[in-house]
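What follows is a set of notes on a single structure, which appears directly below.
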Amino acid sequence: MILGVTYHVSSNPTCSISKHLNDRERSPPWTVVSNLNRFSDHKTPKSTVLSPEPRKPCEYYDLHKELVPYQEAWSWQKSIVKEKKALIEKNTDCPDTLIVLQHQPVYTMGTGSSEEFLNFDMKNAPYDVYRTERGGEVTYHGPGQLVMYPVINLRNHKMDLHWYLRALEEVVIRVLSKTFSIKASRLEGFTGVWLGNQKLAAIGIRVTKWITYHGLALNVSTELTPFNWIVPCGIRERTVGSIKGLVGECQSTGRGKTNIHDRSDSQLIDIAHKSLINEFSEVFQLDLHHKVSSFCPFREGKPVNSPAEKVI
């Protein structure tokens, strides 16, 4: 889920902003009127969250306790995007959708990802490797990592990709600060959420006709060893961290919230999930309507269309 934004305003195939922004965010080729690149570490300026209005509905699929195959979740997103495009073409209301889940262990690469950031032989990869249509470099998804896929119609919010990226970061920053007493922040020149040299959350999106998909991945109790077999996000000089690891450090030093220290991995996932949903709802001013996840295509045994390209 490394940042790879694709900007699309016509019916033609999506075109890229500076090809791919990768994890180092570059200046877009148009004027960004918002001031969202100047967020403070933990306080959200008034421009971050939209003015108080009646909250718009958002369909919400909660699979945060499940390990969903990457290819099937990816295809599910694509089908939702297709449905939303059809609604827009008919000038019909197009509500937002949110999916939260965990993935089975997998590496994903963007369209232009380089194999130089893989520390293994492609013929003997530790896990499946998929190259998707997103931009950016390689990353890892696996158990203990909460993945949030917002399929958002930015016409309902703000048609500004930098605003959207900063808003996703804000969701995670609030979760870490309010729930875990982890004072994470943005890092100038990069996308995602950081504590010092450690990246706690990766963000990667694609946007077509102002509809977003892909999203963010937050390391809660993730086993970090698989990150050693890649160069996460193509950034060699920085590391990856998790909430569990940081909470453990706080416990050894007597800092942090004492009621969090002794929680199991599953409890940490539940706590982080609840906080993520609350903060997402607040930042985007959405009213989440829980949908029964048994309707998910992969649960019904439906064929998966337009699969991601499996490298191996």
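Chain labels A, B, ... are given in the sequence in which chains occur in the structure tokens; within each chain residues are numbered consecutively from 1, and ligands are likewise numbered from 1 in the order shown.
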
Contact residues around Asn119 in chain A with only C-alpha atoms at 9 Å, ignoring same-chain residues under 6 positions, as a VMD selection string: chain A and resid 228 to 231

Kindly export the residues of the current selection with all heavy atoms, as a short mmCIF file (atom, residue, chain, number, x, y, z; two decimals), in the first residue's frame.
data_model
loop_
_atom_site.label_atom_id
_atom_site.label_comp_id
_atom_site.auth_asym_id
_atom_site.auth_seq_id
_atom_site.Cartn_x
_atom_site.Cartn_y
_atom_site.Cartn_z
N ASN A 228 11.61 -7.63 6.43
CA ASN A 228 13.05 -7.74 6.24
C ASN A 228 13.41 -8.31 4.87
O ASN A 228 14.55 -8.16 4.42
CB ASN A 228 13.68 -8.61 7.33
CG ASN A 228 13.55 -8.02 8.72
OD1 ASN A 228 13.45 -6.80 8.87
ND2 ASN A 228 13.54 -8.87 9.73
N TRP A 229 12.46 -8.96 4.23
CA TRP A 229 12.71 -9.59 2.94
C TRP A 229 12.43 -8.65 1.77
O TRP A 229 12.50 -9.06 0.61
CB TRP A 229 11.89 -10.86 2.82
CG TRP A 229 12.26 -11.88 3.86
CD1 TRP A 229 13.50 -12.09 4.41
CD2 TRP A 229 11.39 -12.82 4.49
NE1 TRP A 229 13.46 -13.09 5.33
CE2 TRP A 229 12.16 -13.57 5.42
CE3 TRP A 229 10.03 -13.13 4.38
CZ2 TRP A 229 11.64 -14.59 6.20
CZ3 TRP A 229 9.50 -14.14 5.16
CH2 TRP A 229 10.29 -14.85 6.06
N ILE A 230 12.06 -7.42 2.10
CA ILE A 230 11.85 -6.40 1.07
C ILE A 230 12.44 -5.08 1.57
O ILE A 230 12.87 -4.98 2.73
CB ILE A 230 10.34 -6.19 0.76
CG1 ILE A 230 9.59 -5.73 2.03
CG2 ILE A 230 9.72 -7.46 0.17
CD1 ILE A 230 8.12 -5.36 1.78
N VAL A 231 12.45 -4.09 0.72
CA VAL A 231 12.74 -2.72 1.13
C VAL A 231 11.40 -2.00 1.13
O VAL A 231 10.93 -1.57 0.07
CB VAL A 231 13.73 -2.02 0.18
CG1 VAL A 231 14.00 -0.58 0.66
CG2 VAL A 231 15.03 -2.80 0.10
#

inquiry  = Taking the DSSP secondary structure from the backbone, can you list the residues of range 74-309 of chain A that are strand (DSSP E or B), as a PyMOL selection string?
reply    = chain A and resi 96-103+106-109+118+129-131+139-141+145-151+153+185+193-195+198-208+211-219+230+239-240+286-291+309

- Message: Can you tell me which residues surround Leu286 in chain A at a distance of at most 9 Å, considering only C-alpha atoms, apart from same-chain residues fewer than 2 positions away, and format the answer as a VMD selection string?
- Response: chain A and resid 54 to 58 96 280 to 284 288

Residue selection dump (N, CA, C and O atoms) as a short mmCIF file (atom, residue, chain, number, x, y, z; two decimals), in the first residue's frame:
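In the end it all went to out.cif:
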data_model
loop_
_atom_site.label_atom_id
_atom_site.label_comp_id
_atom_site.auth_asym_id
_atom_site.auth_seq_id
_atom_site.Cartn_x
_atom_site.Cartn_y
_atom_site.Cartn_z
N PRO A 54 -25.05 17.53 7.74
CA PRO A 54 -25.62 16.20 7.95
C PRO A 54 -24.69 15.15 7.34
O PRO A 54 -24.25 15.27 6.20
N ARG A 55 -24.39 14.14 8.11
CA ARG A 55 -23.42 13.16 7.65
C ARG A 55 -23.97 12.33 6.50
O ARG A 55 -25.12 11.92 6.51
N LYS A 56 -23.11 12.07 5.54
CA LYS A 56 -23.51 11.27 4.38
C LYS A 56 -23.39 9.79 4.74
O LYS A 56 -22.55 9.39 5.55
N PRO A 57 -24.19 8.94 4.12
CA PRO A 57 -24.15 7.51 4.42
C PRO A 57 -22.92 6.85 3.81
O PRO A 57 -22.41 7.28 2.78
N CYS A 58 -22.45 5.81 4.46
CA CYS A 58 -21.32 5.04 3.97
C CYS A 58 -21.56 3.57 4.28
O CYS A 58 -21.79 3.20 5.43
N ASP A 96 -20.56 6.29 -0.36
CA ASP A 96 -19.22 5.75 -0.14
C ASP A 96 -19.31 4.33 0.44
O ASP A 96 -20.34 3.91 0.95
N PHE A 280 -12.35 7.48 11.46
CA PHE A 280 -12.68 7.61 10.04
C PHE A 280 -14.02 8.31 9.88
O PHE A 280 -14.18 9.21 9.05
N SER A 281 -14.99 7.90 10.68
CA SER A 281 -16.31 8.51 10.63
C SER A 281 -16.25 10.00 10.94
O SER A 281 -16.92 10.81 10.30
N GLU A 282 -15.41 10.37 11.92
CA GLU A 282 -15.29 11.77 12.32
C GLU A 282 -14.58 12.60 11.27
O GLU A 282 -15.03 13.70 10.91
N VAL A 283 -13.45 12.12 10.79
CA VAL A 283 -12.66 12.91 9.84
C VAL A 283 -13.42 13.13 8.54
O VAL A 283 -13.43 14.22 7.98
N PHE A 284 -14.09 12.08 8.06
CA PHE A 284 -14.80 12.18 6.79
C PHE A 284 -16.27 12.55 6.96
O PHE A 284 -16.98 12.69 5.96
N LEU A 288 -21.73 5.52 9.15
CA LEU A 288 -21.47 4.18 8.66
C LEU A 288 -22.67 3.26 8.87
O LEU A 288 -23.21 3.17 9.96
#

| query | DSSP on the backbone: what in range 44-246 of chain A comes out helix (DSSP H, G or I), as a ChimeraX atom specification? | reply | /A:70-89,115-117,122-124,154-156,161-180,225-229,232-234,243-246

Using only C-alpha atoms, the shortest atom-to-atom distance to Thr208 in chain A among A:Ile271, A:Val81, A:Leu276, A:Ile235 belongs to A:Val81

Show me, as a PDB file with all heavy atoms, in the first residue's frame, the residues that have an atom within 12 Å of Arg236 in chain A when counting only C-alpha atoms, minus same-chain residues fewer than 6 positions from it.
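The resulting file, result.pdb, is reproduced below:
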ATOM      1  N   ASP A  23       6.476   6.692  -2.601  1.00  0.00           N
ATOM      2  CA  ASP A  23       6.267   7.033  -1.207  1.00  0.00           C
ATOM      3  C   ASP A  23       6.738   8.442  -0.910  1.00  0.00           C
ATOM      4  O   ASP A  23       6.428   9.005   0.106  1.00  0.00           O
ATOM      5  CB  ASP A  23       7.010   6.039  -0.304  1.00  0.00           C
ATOM      6  CG  ASP A  23       6.179   5.700   0.898  1.00  0.00           C
ATOM      7  OD1 ASP A  23       4.978   5.979   0.889  1.00  0.00           O
ATOM      8  OD2 ASP A  23       6.726   5.171   1.843  1.00  0.00           O
ATOM      9  N   GLU A 116      14.403  -4.570  -7.586  1.00  0.00           N
ATOM     10  CA  GLU A 116      15.607  -4.334  -6.793  1.00  0.00           C
ATOM     11  C   GLU A 116      15.274  -4.175  -5.306  1.00  0.00           C
ATOM     12  O   GLU A 116      16.162  -4.274  -4.456  1.00  0.00           O
ATOM     13  CB  GLU A 116      16.349  -3.086  -7.285  1.00  0.00           C
ATOM     14  CG  GLU A 116      15.614  -1.770  -7.004  1.00  0.00           C
ATOM     15  CD  GLU A 116      16.407  -0.550  -7.428  1.00  0.00           C
ATOM     16  OE1 GLU A 116      17.380  -0.229  -6.721  1.00  0.00           O
ATOM     17  OE2 GLU A 116      16.054   0.045  -8.458  1.00  0.00           O
ATOM     18  N   PHE A 117      14.006  -3.933  -4.995  1.00  0.00           N
ATOM     19  CA  PHE A 117      13.604  -3.785  -3.603  1.00  0.00           C
ATOM     20  C   PHE A 117      13.109  -5.094  -2.995  1.00  0.00           C
ATOM     21  O   PHE A 117      12.535  -5.092  -1.906  1.00  0.00           O
ATOM     22  CB  PHE A 117      12.536  -2.698  -3.473  1.00  0.00           C
ATOM     23  CG  PHE A 117      13.038  -1.330  -3.884  1.00  0.00           C
ATOM     24  CD1 PHE A 117      12.401  -0.609  -4.880  1.00  0.00           C
ATOM     25  CD2 PHE A 117      14.152  -0.774  -3.277  1.00  0.00           C
ATOM     26  CE1 PHE A 117      12.851   0.639  -5.260  1.00  0.00           C
ATOM     27  CE2 PHE A 117      14.622   0.475  -3.655  1.00  0.00           C
ATOM     28  CZ  PHE A 117      13.976   1.180  -4.648  1.00  0.00           C
ATOM     29  N   LEU A 118      13.307  -6.180  -3.701  1.00  0.00           N
ATOM     30  CA  LEU A 118      12.975  -7.509  -3.180  1.00  0.00           C
ATOM     31  C   LEU A 118      14.262  -8.184  -2.731  1.00  0.00           C
ATOM     32  O   LEU A 118      15.207  -8.322  -3.513  1.00  0.00           O
ATOM     33  CB  LEU A 118      12.292  -8.355  -4.252  1.00  0.00           C
ATOM     34  CG  LEU A 118      11.028  -7.788  -4.896  1.00  0.00           C
ATOM     35  CD1 LEU A 118      10.509  -8.759  -5.954  1.00  0.00           C
ATOM     36  CD2 LEU A 118       9.969  -7.494  -3.858  1.00  0.00           C
ATOM     37  N   ASN A 119      14.305  -8.605  -1.482  1.00  0.00           N
ATOM     38  CA  ASN A 119      15.493  -9.267  -0.948  1.00  0.00           C
ATOM     39  C   ASN A 119      15.369 -10.785  -1.034  1.00  0.00           C
ATOM     40  O   ASN A 119      15.825 -11.510  -0.155  1.00  0.00           O
ATOM     41  CB  ASN A 119      15.728  -8.837   0.505  1.00  0.00           C
ATOM     42  CG  ASN A 119      15.998  -7.360   0.631  1.00  0.00           C
ATOM     43  OD1 ASN A 119      16.573  -6.745  -0.276  1.00  0.00           O
ATOM     44  ND2 ASN A 119      15.579  -6.765   1.742  1.00  0.00           N
ATOM     45  N   GLU A 137       6.063   1.260  -4.581  1.00  0.00           N
ATOM     46  CA  GLU A 137       6.953   0.110  -4.511  1.00  0.00           C
ATOM     47  C   GLU A 137       6.323  -1.025  -3.709  1.00  0.00           C
ATOM     48  O   GLU A 137       5.142  -0.997  -3.392  1.00  0.00           O
ATOM     49  CB  GLU A 137       8.299   0.546  -3.913  1.00  0.00           C
ATOM     50  CG  GLU A 137       9.085   1.508  -4.791  1.00  0.00           C
ATOM     51  CD  GLU A 137       9.486   0.911  -6.129  1.00  0.00           C
ATOM     52  OE1 GLU A 137       9.491  -0.327  -6.259  1.00  0.00           O
ATOM     53  OE2 GLU A 137       9.775   1.697  -7.058  1.00  0.00           O
ATOM     54  N   ASN A 197      11.779   7.131  13.297  1.00  0.00           N
ATOM     55  CA  ASN A 197      12.252   6.481  12.086  1.00  0.00           C
ATOM     56  C   ASN A 197      11.364   5.316  11.656  1.00  0.00           C
ATOM     57  O   ASN A 197      11.618   4.683  10.639  1.00  0.00           O
ATOM     58  CB  ASN A 197      13.682   5.964  12.319  1.00  0.00           C
ATOM     59  CG  ASN A 197      14.454   5.801  11.033  1.00  0.00           C
ATOM     60  OD1 ASN A 197      14.364   6.634  10.138  1.00  0.00           O
ATOM     61  ND2 ASN A 197      15.210   4.727  10.929  1.00  0.00           N
ATOM     62  N   GLN A 198      10.323   5.021  12.444  1.00  0.00           N
ATOM     63  CA  GLN A 198       9.490   3.851  12.176  1.00  0.00           C
ATOM     64  C   GLN A 198       8.189   4.240  11.478  1.00  0.00           C
ATOM     65  O   GLN A 198       7.477   5.141  11.930  1.00  0.00           O
ATOM     66  CB  GLN A 198       9.139   3.130  13.483  1.00  0.00           C
ATOM     67  CG  GLN A 198      10.330   2.577  14.238  1.00  0.00           C
ATOM     68  CD  GLN A 198       9.884   1.828  15.469  1.00  0.00           C
ATOM     69  OE1 GLN A 198       9.135   0.860  15.390  1.00  0.00           O
ATOM     70  NE2 GLN A 198      10.340   2.275  16.635  1.00  0.00           N
ATOM     71  N   PHE A 227       8.925  -7.958   6.557  1.00  0.00           N
ATOM     72  CA  PHE A 227       9.394  -6.693   5.998  1.00  0.00           C
ATOM     73  C   PHE A 227      10.900  -6.730   5.747  1.00  0.00           C
ATOM     74  O   PHE A 227      11.416  -5.933   4.958  1.00  0.00           O
ATOM     75  CB  PHE A 227       9.053  -5.533   6.936  1.00  0.00           C
ATOM     76  CG  PHE A 227       7.596  -5.140   6.925  1.00  0.00           C
ATOM     77  CD1 PHE A 227       6.753  -5.530   7.962  1.00  0.00           C
ATOM     78  CD2 PHE A 227       7.068  -4.382   5.897  1.00  0.00           C
ATOM     79  CE1 PHE A 227       5.412  -5.168   7.954  1.00  0.00           C
ATOM     80  CE2 PHE A 227       5.732  -4.014   5.881  1.00  0.00           C
ATOM     81  CZ  PHE A 227       4.898  -4.415   6.918  1.00  0.00           C
ATOM     82  N   ASN A 228      11.606  -7.631   6.433  1.00  0.00           N
ATOM     83  CA  ASN A 228      13.052  -7.737   6.236  1.00  0.00           C
ATOM     84  C   ASN A 228      13.410  -8.306   4.870  1.00  0.00           C
ATOM     85  O   ASN A 228      14.545  -8.158   4.417  1.00  0.00           O
ATOM     86  CB  ASN A 228      13.681  -8.613   7.326  1.00  0.00           C
ATOM     87  CG  ASN A 228      13.550  -8.018   8.717  1.00  0.00           C
ATOM     88  OD1 ASN A 228      13.448  -6.797   8.869  1.00  0.00           O
ATOM     89  ND2 ASN A 228      13.540  -8.868   9.728  1.00  0.00           N
ATOM     90  N   ILE A 230      12.059  -7.424   2.095  1.00  0.00           N
ATOM     91  CA  ILE A 230      11.849  -6.395   1.069  1.00  0.00           C
ATOM     92  C   ILE A 230      12.443  -5.082   1.574  1.00  0.00           C
ATOM     93  O   ILE A 230      12.874  -4.984   2.726  1.00  0.00           O
ATOM     94  CB  ILE A 230      10.344  -6.190   0.758  1.00  0.00           C
ATOM     95  CG1 ILE A 230       9.591  -5.735   2.027  1.00  0.00           C
ATOM     96  CG2 ILE A 230       9.724  -7.462   0.175  1.00  0.00           C
ATOM     97  CD1 ILE A 230       8.124  -5.355   1.782  1.00  0.00           C
TER      98      ILE A 230
END
